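J.: Take a look at final-v6.txt, compact mmCIF, C-alpha atoms and all ligand atoms:
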```txt
# COMPACT_ATOMS: atom_id res chain seq x y z
CA MET V 22 2.70 50.92 25.05
CA ILE V 23 6.22 50.15 23.92
CA ILE V 24 9.33 51.36 25.72
CA HIS V 25 12.50 51.45 23.63
CA MET V 26 15.66 51.32 25.68
CA ALA V 27 18.68 53.24 24.34
CA PRO V 28 21.53 51.27 22.75
CA GLY V 29 23.84 50.22 25.55
CA ALA V 30 21.17 50.41 28.26
CA THR V 31 22.21 48.12 31.11
CA SER V 32 20.17 45.19 32.38
CA GLU V 33 19.79 47.06 35.71
CA GLN V 34 18.21 49.99 33.84
CA VAL V 35 15.85 47.63 32.02
CA GLY V 36 15.02 45.97 35.34
CA ARG V 37 14.20 49.32 36.96
CA VAL V 38 11.80 50.22 34.15
CA VAL V 39 10.07 46.83 34.36
CA ASP V 40 9.89 47.21 38.11
CA ARG V 41 8.26 50.63 37.84
CA ILE V 42 5.66 49.42 35.37
CA THR V 43 4.79 46.32 37.39
CA SER V 44 4.94 47.70 40.91
CA ASP V 45 3.76 51.31 40.42
CA TYR V 46 1.12 50.63 37.80
CA GLY V 47 0.34 46.94 38.32
CA LEU V 48 0.79 46.16 34.61
CA LEU V 49 2.60 43.31 32.90
CA CYS V 50 5.73 43.66 30.77
CA GLU V 51 7.20 41.56 28.03
CA THR V 52 10.84 42.22 27.19
CA ILE V 53 12.44 41.53 23.81
CA VAL V 54 16.19 41.72 23.63
CA SER V 55 17.84 42.08 20.25
CA ASP V 56 20.30 44.87 19.25
CA THR V 57 18.43 47.04 21.71
CA THR V 58 15.86 46.15 24.34
CA VAL V 59 12.17 46.75 23.80
CA ILE V 60 9.64 46.49 26.64
CA GLY V 61 6.00 45.87 25.74
CA VAL V 62 3.48 46.97 28.38
CA LYS V 63 0.23 44.98 28.64
CA GLY V 64 -3.00 46.20 30.23
CA ILE V 65 -4.50 49.66 30.64
CA ALA V 66 -1.43 51.69 29.70
CA SER V 67 -3.48 54.91 29.95
CA ILE V 68 -2.42 55.05 33.59
CA VAL V 69 1.27 55.17 32.75
CA ASP V 70 2.74 58.66 32.79
CA GLU V 71 5.08 58.50 29.79
CA ASP V 72 7.15 61.53 30.90
CA ARG V 73 7.97 59.70 34.13
CA ILE V 74 9.24 56.70 32.16
CA LEU V 75 11.15 58.87 29.69
CA GLU V 76 13.03 60.45 32.60
CA MET V 77 14.46 57.08 33.65
CA PRO V 78 18.09 56.33 32.79
CA GLY V 79 18.49 54.17 29.69
CA VAL V 80 15.06 54.94 28.20
CA ASP V 81 15.12 56.22 24.62
CA LYS V 82 11.47 56.41 23.50
CA VAL V 83 8.00 55.67 24.80
CA ILE V 84 5.43 54.88 22.13
CA ARG V 85 1.73 54.73 22.89
CA ILE V 86 0.08 52.13 20.65
CA THR V 87 -3.48 52.60 21.85
CA GLU V 88 -5.25 55.85 22.63
CA LYS V 89 -5.26 56.99 26.22
CA TYR V 90 -9.04 56.78 26.06
CA LYS V 91 -9.08 53.00 25.49
CA ASP V 92 -12.47 52.28 27.11
CA ALA V 93 -14.16 54.98 25.04
CA SER V 94 -12.38 54.04 21.83
CA ARG V 95 -14.04 52.37 18.87
CA ASN V 96 -10.88 50.33 18.36
CA PHE V 97 -11.83 48.27 21.40
CA HIS V 98 -15.59 48.26 21.00
CA HIS V 99 -16.63 48.43 17.40
CA ASP V 100 -20.42 48.76 17.66
CA ASP V 101 -22.23 51.86 18.87
CA THR V 102 -23.06 51.77 22.56
CA VAL V 103 -26.65 52.57 23.49
CA VAL V 104 -27.14 54.14 26.93
CA ARG V 105 -30.59 54.20 28.53
CA VAL V 106 -31.70 57.29 30.43
CA GLY V 107 -34.69 55.97 32.35
CA THR V 108 -36.21 53.91 29.56
CA VAL V 109 -35.09 56.24 26.76
CA PRO V 110 -32.28 54.94 24.53
CA VAL V 111 -29.45 57.28 23.48
CA GLY V 112 -26.98 56.27 20.75
CA GLY V 113 -27.03 53.69 17.97
CA ASP V 114 -29.81 54.36 15.46
CA ASN V 115 -31.81 56.50 17.88
CA LEU V 116 -32.32 60.24 17.69
CA THR V 117 -32.83 61.52 21.21
CA VAL V 118 -33.76 65.05 22.19
CA PHE V 119 -32.92 66.56 25.56
CA GLY V 120 -34.63 69.90 26.19
CA GLY V 121 -35.91 72.24 28.85
CA PRO V 122 -35.02 75.43 30.64
CA CYS V 123 -31.39 76.33 31.20
CA ALA V 124 -32.12 76.54 34.94
CA ILE V 125 -34.88 75.93 37.44
CA GLU V 126 -35.94 79.41 38.55
CA THR V 127 -39.45 79.11 39.95
CA GLU V 128 -41.90 76.22 40.12
CA GLU V 129 -44.29 77.94 37.73
CA GLN V 130 -41.58 78.68 35.12
CA SER V 131 -40.11 75.17 35.41
CA LEU V 132 -43.41 73.36 35.00
CA ALA V 133 -44.52 75.57 32.11
CA SER V 134 -41.17 75.05 30.35
CA ALA V 135 -41.29 71.31 31.06
CA ARG V 136 -44.76 71.04 29.49
CA MET V 137 -43.55 73.04 26.49
CA ALA V 138 -40.57 70.68 26.07
CA ARG V 139 -42.77 67.59 26.37
CA ASP V 140 -45.36 68.94 23.90
CA ALA V 141 -42.58 69.79 21.44
CA GLY V 142 -41.50 66.13 21.47
CA CYS V 143 -38.48 66.08 23.79
CA ASP V 144 -37.50 62.64 25.11
CA ILE V 145 -35.53 63.78 28.15
CA LEU V 146 -36.06 66.90 30.22
CA ARG V 147 -33.43 69.37 31.38
CA ALA V 148 -34.09 69.95 35.11
CA PHE V 149 -31.03 71.96 36.13
CA VAL V 150 -30.87 72.72 39.82
CA ASP V 151 -27.27 73.88 40.16
CA LYS V 152 -25.63 76.03 37.51
CA SER V 153 -22.00 76.71 36.76
CA ARG V 154 -21.95 80.07 35.02
CA THR V 155 -19.51 82.12 33.01
CA SER V 156 -19.48 84.65 35.85
CA PRO V 157 -20.00 83.49 39.44
CA TYR V 158 -22.09 86.63 39.98
CA ASP V 159 -24.75 85.30 37.59
CA TYR V 160 -27.80 83.27 38.68
CA ARG V 161 -26.61 79.94 40.08
CA GLY V 162 -29.89 78.24 40.90
CA LEU V 163 -32.17 77.83 43.91
CA ALA V 164 -31.21 76.12 47.15
CA ILE V 165 -30.48 72.49 46.19
CA ASP V 166 -33.32 70.93 48.19
CA ARG V 167 -35.92 73.28 46.76
CA GLY V 168 -34.48 72.89 43.25
CA LEU V 169 -34.62 69.10 43.48
CA GLU V 170 -38.21 69.28 44.71
CA ILE V 171 -39.12 71.22 41.56
CA ALA V 172 -37.06 68.82 39.39
CA ARG V 173 -39.13 65.93 40.77
CA ALA V 174 -42.32 67.85 40.04
CA MET V 175 -41.14 68.41 36.43
CA LYS V 176 -40.55 64.69 36.06
CA ALA V 177 -43.92 63.79 37.60
CA GLU V 178 -45.78 66.35 35.49
CA THR V 179 -44.33 65.19 32.15
CA GLY V 180 -43.46 61.54 32.76
CA LEU V 181 -40.08 62.22 31.11
CA PRO V 182 -36.71 61.23 32.57
CA ILE V 183 -34.62 64.18 33.79
CA VAL V 184 -31.00 65.26 33.38
CA SER V 185 -29.39 67.62 35.86
CA GLU V 186 -25.90 69.07 36.23
CA LEU V 187 -23.92 68.06 39.31
CA ILE V 188 -21.30 70.58 40.36
CA ASP V 189 -20.77 69.80 44.01
CA LEU V 190 -20.04 66.22 45.07
CA ARG V 191 -21.80 66.81 48.38
CA HIS V 192 -25.09 66.83 46.44
CA LEU V 193 -24.64 63.51 44.66
CA ASP V 194 -26.71 61.48 47.15
CA ALA V 195 -29.52 64.04 47.10
CA PHE V 196 -29.55 63.90 43.27
CA LEU V 197 -29.79 60.11 43.34
CA ARG V 198 -32.50 60.15 46.03
CA ALA V 199 -34.48 62.68 43.98
CA GLY V 200 -34.50 60.27 41.03
CA VAL V 201 -32.30 62.26 38.63
CA ASP V 202 -32.04 59.93 35.61
CA ALA V 203 -28.82 61.29 34.12
CA ILE V 204 -26.13 63.45 35.67
CA GLN V 205 -24.53 66.09 33.51
CA VAL V 206 -20.92 67.14 33.95
CA GLY V 207 -20.76 70.71 32.68
CA ALA V 208 -18.08 72.14 30.42
CA ARG V 209 -16.44 73.86 33.37
CA SER V 210 -16.18 70.61 35.37
CA ALA V 211 -15.17 68.29 32.52
CA GLN V 212 -11.66 67.79 33.92
CA TYR V 213 -12.53 67.84 37.61
CA SER V 214 -11.26 64.35 38.42
CA PRO V 215 -12.83 64.00 41.93
CA LEU V 216 -16.23 64.45 40.30
CA LEU V 217 -15.42 62.06 37.44
CA GLU V 218 -14.15 59.50 39.96
CA GLU V 219 -17.34 59.55 42.06
CA LEU V 220 -19.45 59.24 38.91
CA SER V 221 -17.42 56.18 37.92
CA LYS V 222 -18.73 54.43 41.06
CA ILE V 223 -22.42 54.66 40.17
CA ASP V 224 -24.34 53.38 37.18
CA VAL V 225 -26.62 56.35 36.56
CA PRO V 226 -25.83 57.69 33.05
CA VAL V 227 -23.41 60.59 32.83
CA VAL V 228 -23.64 63.29 30.14
CA LEU V 229 -20.09 64.57 29.78
CA LYS V 230 -19.82 67.97 28.13
CA HIS V 231 -16.83 68.97 26.07
CA GLY V 232 -14.63 71.16 28.28
CA LEU V 233 -14.26 74.79 27.17
CA GLY V 234 -10.55 74.38 26.49
CA ASN V 235 -10.28 70.66 25.87
CA ASP V 236 -9.06 68.91 22.79
CA MET V 237 -10.73 65.70 21.68
CA ASN V 238 -8.21 63.42 23.41
CA GLU V 239 -8.71 65.15 26.75
CA TRP V 240 -12.48 64.94 26.42
CA LEU V 241 -12.51 61.26 25.47
CA SER V 242 -9.97 60.50 28.21
CA GLY V 243 -12.43 61.99 30.72
CA ALA V 244 -15.11 59.67 29.35
CA ALA V 245 -12.80 56.64 29.50
CA PHE V 246 -11.82 57.56 33.07
CA ILE V 247 -15.48 57.46 34.17
CA MET V 248 -15.83 54.12 32.38
CA SER V 249 -12.74 52.47 33.87
CA GLY V 250 -13.08 53.86 37.38
CA LEU V 251 -9.55 54.60 38.50
CA ASP V 252 -9.03 55.93 41.97
CA ARG V 253 -6.22 58.35 42.78
CA SER V 254 -3.74 55.61 43.58
CA GLY V 255 -4.23 54.26 40.05
CA HIS V 256 -6.32 51.28 41.11
CA ILE V 257 -9.20 50.29 38.93
CA THR V 258 -12.62 50.32 40.61
CA PRO V 259 -14.42 47.15 39.56
CA GLY V 260 -16.73 47.97 36.72
CA GLY V 261 -16.54 51.72 36.38
CA ASN V 262 -19.61 53.42 34.92
CA ARG V 263 -20.15 52.33 31.32
CA ASN V 264 -23.14 54.64 30.83
CA VAL V 265 -21.43 57.68 29.41
CA ILE V 266 -22.97 60.03 26.84
CA LEU V 267 -20.78 62.66 25.17
CA CYS V 268 -22.17 66.16 24.59
CA TYR V 269 -20.38 68.46 22.17
CA ARG V 270 -20.79 72.21 22.74
CA GLY V 271 -17.74 73.85 21.19
CA ILE V 272 -14.72 75.46 22.81
CA LYS V 273 -13.58 79.00 23.56
CA SER V 274 -12.13 80.54 20.43
CA PHE V 275 -10.98 84.00 19.27
CA GLU V 276 -14.35 84.48 17.59
CA THR V 277 -16.76 86.26 19.91
CA ALA V 278 -19.65 86.69 17.47
CA THR V 279 -20.94 83.26 18.48
CA ARG V 280 -20.76 82.12 22.09
CA PHE V 281 -18.34 79.25 21.49
CA GLY V 282 -16.54 77.87 18.50
CA ALA V 283 -18.31 74.65 17.52
CA ASP V 284 -16.58 72.73 14.77
CA ILE V 285 -19.15 70.59 13.01
CA GLY V 286 -16.41 68.24 11.80
CA MET V 287 -15.92 67.14 15.40
CA VAL V 288 -19.24 65.29 15.26
CA PRO V 289 -18.38 62.67 12.60
CA LEU V 290 -14.80 62.59 13.87
CA VAL V 291 -15.78 61.78 17.46
CA ARG V 292 -18.35 59.26 16.19
CA SER V 293 -15.58 57.54 14.26
CA LYS V 294 -13.20 57.51 17.24
CA SER V 295 -15.65 56.51 19.94
CA HIS V 296 -18.50 54.04 20.27
CA LEU V 297 -20.24 56.22 22.88
CA PRO V 298 -23.47 58.09 22.16
CA LEU V 299 -22.77 61.65 21.04
CA ILE V 300 -25.26 64.49 21.36
CA ALA V 301 -24.60 68.19 20.71
CA ASP V 302 -25.80 71.43 22.28
CA PRO V 303 -26.80 74.12 19.74
CA SER V 304 -27.92 76.52 22.51
CA HIS V 305 -24.72 76.85 24.51
CA SER V 306 -22.53 76.70 21.41
CA SER V 307 -24.29 79.44 19.43
CA GLY V 308 -25.65 81.44 22.36
CA ASP V 309 -28.43 82.92 20.23
CA ARG V 310 -31.92 81.58 19.55
CA LYS V 311 -31.73 82.96 15.99
CA LEU V 312 -28.95 80.47 15.27
CA VAL V 313 -30.14 77.47 17.28
CA GLU V 314 -32.47 75.92 14.71
CA ARG V 315 -30.00 75.74 11.81
CA VAL V 316 -27.12 74.71 14.07
CA ALA V 317 -29.30 71.89 15.44
CA TYR V 318 -29.98 70.63 11.89
CA GLY V 319 -26.26 70.82 11.14
CA PHE V 320 -25.36 68.69 14.15
CA ILE V 321 -27.92 66.02 13.20
CA ALA V 322 -26.80 65.98 9.56
CA ALA V 323 -23.22 65.62 10.80
CA GLY V 324 -24.16 62.45 12.67
CA ALA V 325 -25.07 63.46 16.23
CA HIS V 326 -27.34 61.00 18.06
CA GLY V 327 -29.42 63.92 19.29
CA ILE V 328 -29.26 67.38 20.75
CA GLU V 329 -29.69 69.02 24.10
CA PHE V 330 -31.20 72.50 23.89
CA ASP V 331 -32.74 75.26 25.97
CA ILE V 332 -36.54 75.65 25.91
CA HIS V 333 -38.09 78.32 28.14
CA SER V 334 -41.74 79.27 28.52
CA ASN V 335 -40.87 82.96 28.82
CA PRO V 336 -37.32 83.73 27.65
CA ALA V 337 -37.78 87.49 28.13
CA GLU V 338 -38.09 86.91 31.89
CA ALA V 339 -35.48 84.10 32.18
CA LEU V 340 -32.83 84.48 34.89
CA CYS V 341 -30.41 82.34 32.91
CA ASP V 342 -29.57 82.24 29.18
CA GLY V 343 -32.97 83.50 27.94
CA LYS V 344 -31.31 84.81 24.77
CA GLN V 345 -30.60 81.31 23.51
CA ALA V 346 -33.86 79.63 24.59
CA VAL V 347 -36.52 78.68 22.06
CA GLN V 348 -40.25 78.31 22.75
CA GLU V 349 -42.96 76.56 20.71
CA GLU V 350 -40.71 76.47 17.65
CA ALA V 351 -38.97 73.60 19.46
CA GLY V 352 -41.71 71.36 18.01
CA ARG V 353 -40.83 72.29 14.43
CA ILE V 354 -37.12 71.90 15.14
CA ILE V 355 -37.60 68.40 16.53
CA THR V 356 -39.86 67.32 13.65
CA ASN V 357 -37.30 68.54 11.10
CA MET V 358 -34.40 66.93 12.95
CA ARG V 359 -36.23 63.62 12.86
CA ALA V 360 -36.78 64.05 9.11
CA ILE V 361 -33.07 64.82 8.56
CA HIS V 362 -32.10 61.84 10.69
CA HIS V 363 -34.44 59.59 8.70
CA LEU V 364 -33.19 60.93 5.36
CA LEU V 365 -29.57 60.23 6.24
CA GLU V 366 -30.20 56.86 7.91
CA GLY V 367 -28.31 54.96 5.23
CA VAL V 368 -25.22 57.19 5.50
CA GLY V 369 -22.84 55.45 7.85
CA ILE V 370 -20.02 56.88 9.88
CA GLU V 371 -16.55 56.26 8.50
CA THR V 372 -15.02 54.43 11.41
CA GLY V 373 -11.54 54.35 9.94
CA THR V 374 -11.08 50.71 10.97
CA ALA V 375 -7.93 49.47 9.28
CA THR V 376 -8.50 47.09 6.37
CA ALA V 377 -5.77 44.61 5.61
CA VAL V 378 -4.47 45.02 2.08
CA ALA V 379 -2.55 42.19 0.49
CA VAL V 380 0.56 43.43 -1.23
CA GLY V 381 1.74 41.21 -4.11
C1 LIG R 1 -25.75 73.84 30.43
O1 LIG R 1 -25.94 72.86 29.68
O2 LIG R 1 -26.63 74.32 31.15
C2 LIG R 1 -24.44 74.48 30.48
C3 LIG R 1 -24.12 75.36 31.42
O3 LIG R 1 -23.63 74.12 29.47
P1 LIG R 1 -22.03 74.10 29.49
O4 LIG R 1 -21.61 73.31 30.69
O5 LIG R 1 -21.72 73.42 28.18
O6 LIG R 1 -21.59 75.54 29.50
MN MN R 2 -27.12 77.90 30.02
```
Could I get this structure in the form of structure tokens?
Ligand code: PEP
Ligand code: MN

T.:
Amino acid sequence: MIIHMAPGATSEQVGRVVDRITSDYGLLCETIVSDTTVIGVKGIASIVDEDRILEMPGVDKVIRITEKYKDASRNFHHDDTVVRVGTVPVGGDNLTVFGGPCAIETEEQSLASARMARDAGCDILRAFVDKSRTSPYDYRGLAIDRGLEIARAMKAETGLPIVSELIDLRHLDAFLRAGVDAIQVGARSAQYSPLLEELSKIDVPVVLKHGLGNDMNEWLSGAAFIMSGLDRSGHITPGGNRNVILCYRGIKSFETATRFGADIGMVPLVRSKSHLPLIADPSHSSGDRKLVERVAYGFIAAGAHGIEFDIHSNPAEALCDGKQAVQEEAGRIITNMRAIHHLLEGVGIETGTATAVAVG
């Protein structure tokens, strides 16, 4: 970050800015004085609130050199990051499929859906105990203890690692005790910083959904926040949680014919901007099983490292999102996705890394 002082700014004004950066944010400054004064800020400048600096007397401009989502940015970590959920790799050259019922409803339904997902070729099982819904009147899951008991049974029955959405921080310990292998942050919680902060203190992988009304910078900043582990006073928790997986699912748009507006261009774009694994959700974006298959192929062709989709043993009886759940056809979808992935293996992602060009 560079802070340009206005012409004629006094040395006291410069001193106050340097003081704010060093004492409030714990960062280092380097000051260059020529016709005007320029202050370079070193360290994780994401924590600096530029509006607060702009308000200070004598400040002319604040220029951010690096993205706010530094830890998630490919500019600071060129190679793809591979995150392991249980023993299953996500990211890099891998194609990883997360699937299973939208929600745990009964033991019988959950186990039947889990077997269906495993037989179709899923690598990681959705075992969703708690649900954040479009309407709070809709089905929100069983009691947490009972739901986690069934989640464990799904894992034991299939031998697959499980992902489950955490909505309420009070349940984090129970999730960890139950052996949840990856914790999902749903679209509705994607900017809930107390949740992101707690998840930055553990090392269990986090699947961060794209918030319903978030732009890319906000989404990637959420990911970087989990990775750097800032507490509310702006202090960095040692380590943070580096095991973050992004999950694209579209945003709310004026179009209501599909459930959410999913822009396929976001997939190669986010891959170019971030080194983190990126999966996509064709079920919650399209909202309709008739669309899921083709949308899934589109996401893989666009460069996603995998998908997460709804598979239900009996969608007609589902308490949650039956309309978008697939059944045995999941097997065909996964086989075709693997073929598309294989076919496009040699097609890289344009990372947009600057190339130096010698000018004569
Ligand atoms: C889900 O994956 O079950 C879900 C509710 O998705 P989202 O948070 O993207 O709406
Ligand atoms: Mn759902």

J.: May I have the protein, DNA and RNA residues with any atom at most 12 Å from the point (-9.0, 65.7, 25.5), counting all atoms listed in the file, written as a list in words?

T.: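 Every residue inside that radius is included here: Glu88, Lys89, Tyr90, Ala93, Ala211, Gln212, Leu229, Lys230, His231, Gly232, Leu233, Gly234, Asn235, Asp236, Met237, Asn238, Glu239, Trp240, Leu241, Ser242, Gly243, Ala244, Ala245, Phe246, Ile272 and Val291 of chain V.
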
J.: Hey, which bits of chain V sit within 8 Å of ligand MN 2 (chain R), and for each residue what's the closest pair of atoms and how far apart in Å (one decimal), counting all atoms listed in the file, rows by chain and increasing number, as a tab-separated table?

T.:
```
residue	atom	partner	partner_atom	distance
V:Cys123	CA	R:MN2	MN	4.7
V:Ala124	CA	R:MN2	MN	7.1
V:Lys152	CA	R:MN2	MN	7.9
V:Arg154	CA	R:MN2	MN	7.5
V:Ser304	CA	R:MN2	MN	7.7
V:His305	CA	R:MN2	MN	6.1
V:Asp331	CA	R:MN2	MN	7.4
V:Cys341	CA	R:MN2	MN	6.2
V:Asp342	CA	R:MN2	MN	5.1
```

J.: Which residue, V:Tyr213, V:Phe320, V:Tyr269, V:Phe196, has the smallest gap to ligand LIG 1 (chain R) when you use all atoms listed in the file?

T.: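 Among V:Tyr213, V:Phe320, V:Tyr269, V:Phe196, it is V:Tyr269 that comes nearest to ligand LIG 1 (chain R).
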
J.: Env of His333 in chain V: 12 Å cut, atoms = only C-alpha atoms, seq-sep filter 6 positions within chain, self excluded. Answer as an NGL selection string.

T.: :V and (120-127 or 129-139 or 141 or 146-148 or 304 or 310 or 339-351)

J.: Calculated over all atoms listed in the file, which of the candidates V:Tyr318, V:Phe97, V:Tyr160, V:Phe330 has the smallest distance to ligand LIG 1 (chain R)?

T.: V:Phe330

J.: Need to verify the contact set: Val118 in chain V, 7 Å, only C-alpha atoms, exclusion of same-chain residues closer than 3 positions in sequence. Can you return it as a list of chain:residue names?

T.: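 The neighbour list is V:Cys143, V:Asp144, V:Ile145, V:Gly327, V:Ile328, V:Glu329.
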
J.: Restrict the selected residues to C-alpha atoms and save them as a PDB file, in the frame of the given file.

T.:
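Saved as selection08.pdb:
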```
ATOM      1  CA  CYS V 143     -38.480  66.080  23.790  1.00  0.00           C
ATOM      2  CA  ASP V 144     -37.500  62.640  25.110  1.00  0.00           C
ATOM      3  CA  ILE V 145     -35.530  63.780  28.150  1.00  0.00           C
ATOM      4  CA  GLY V 327     -29.420  63.920  19.290  1.00  0.00           C
ATOM      5  CA  ILE V 328     -29.260  67.380  20.750  1.00  0.00           C
ATOM      6  CA  GLU V 329     -29.690  69.020  24.100  1.00  0.00           C
TER       7      GLU V 329
END
```

J.: Using all atoms listed in the file, pick whichever of V:Ser249, V:Ser221, V:Thr372, V:Ser156 has the shortest atom-to-atom distance to ligand LIG 1 (chain R).

T.: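 Result for the nearest residue to ligand LIG 1 (chain R): V:Ser156.
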
J.: As lines of an AutoDock Vina configuration file, what would the box around ligand LIG 1 (chain R) look like: edges along x, y and z, 4 Å added on every side, centre and edge lengths in Å to one decimal?

T.:
```
center_x = -24.1
center_y = 74.2
center_z = 29.8
size_x = 13.0
size_y = 10.7
size_z = 11.2
```

J.: Which value, in Å to one decimal, gives the distance between CA of Gly308 in chain V and CA of Gly142 in chain V?

T.: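 CA of Gly308 in chain V sits 22.1 Å away from CA of Gly142 in chain V.
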
J.: Between CA of Arg353 in chain V and CA of Ala322 in chain V, what is the distance in Å, rounded to a tenth?

T.: 16.1 Å

J.: Smallest atom-to-atom distance to Thr31 in chain V: which of V:Leu190, V:Val201, V:Val54, V:Leu299, using only C-alpha atoms?

T.: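 For Thr31 in chain V, the nearest of the candidates is V:Val54.
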
J.: Counting all atoms listed in the file, which residue out of V:Gly64, V:Ser153, V:Asp202, V:Arg280 sits closest to Arg173 in chain V?

T.: V:Asp202

J.: Let me make sure I understand: among V:Pro298, V:Gly113, V:Gly207, V:Gly282, which one has the smallest atom-to-atom distance to Ile188 in chain V if we use all atoms listed in the file?

T.: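 So, comparing all the options, the nearest one is V:Gly207.
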
J.: Find the distance between CA of Ile266 in chain V and CA of Val225 in chain V and write it in Å to one decimal.

T.: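 Answer for the CA of Ile266 in chain V to CA of Val225 in chain V separation: 11.0 Å.
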
J.: Set the distance at 8 Å and use only C-alpha atoms: which residues neighbour Thr279 in chain V once local chain neighbours fewer than 4 positions away are removed? I'd like the list as a list in words.

T.: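 In the requested format, the answer is Ser306, Ser307, Gly308 and Asp309 of chain V.
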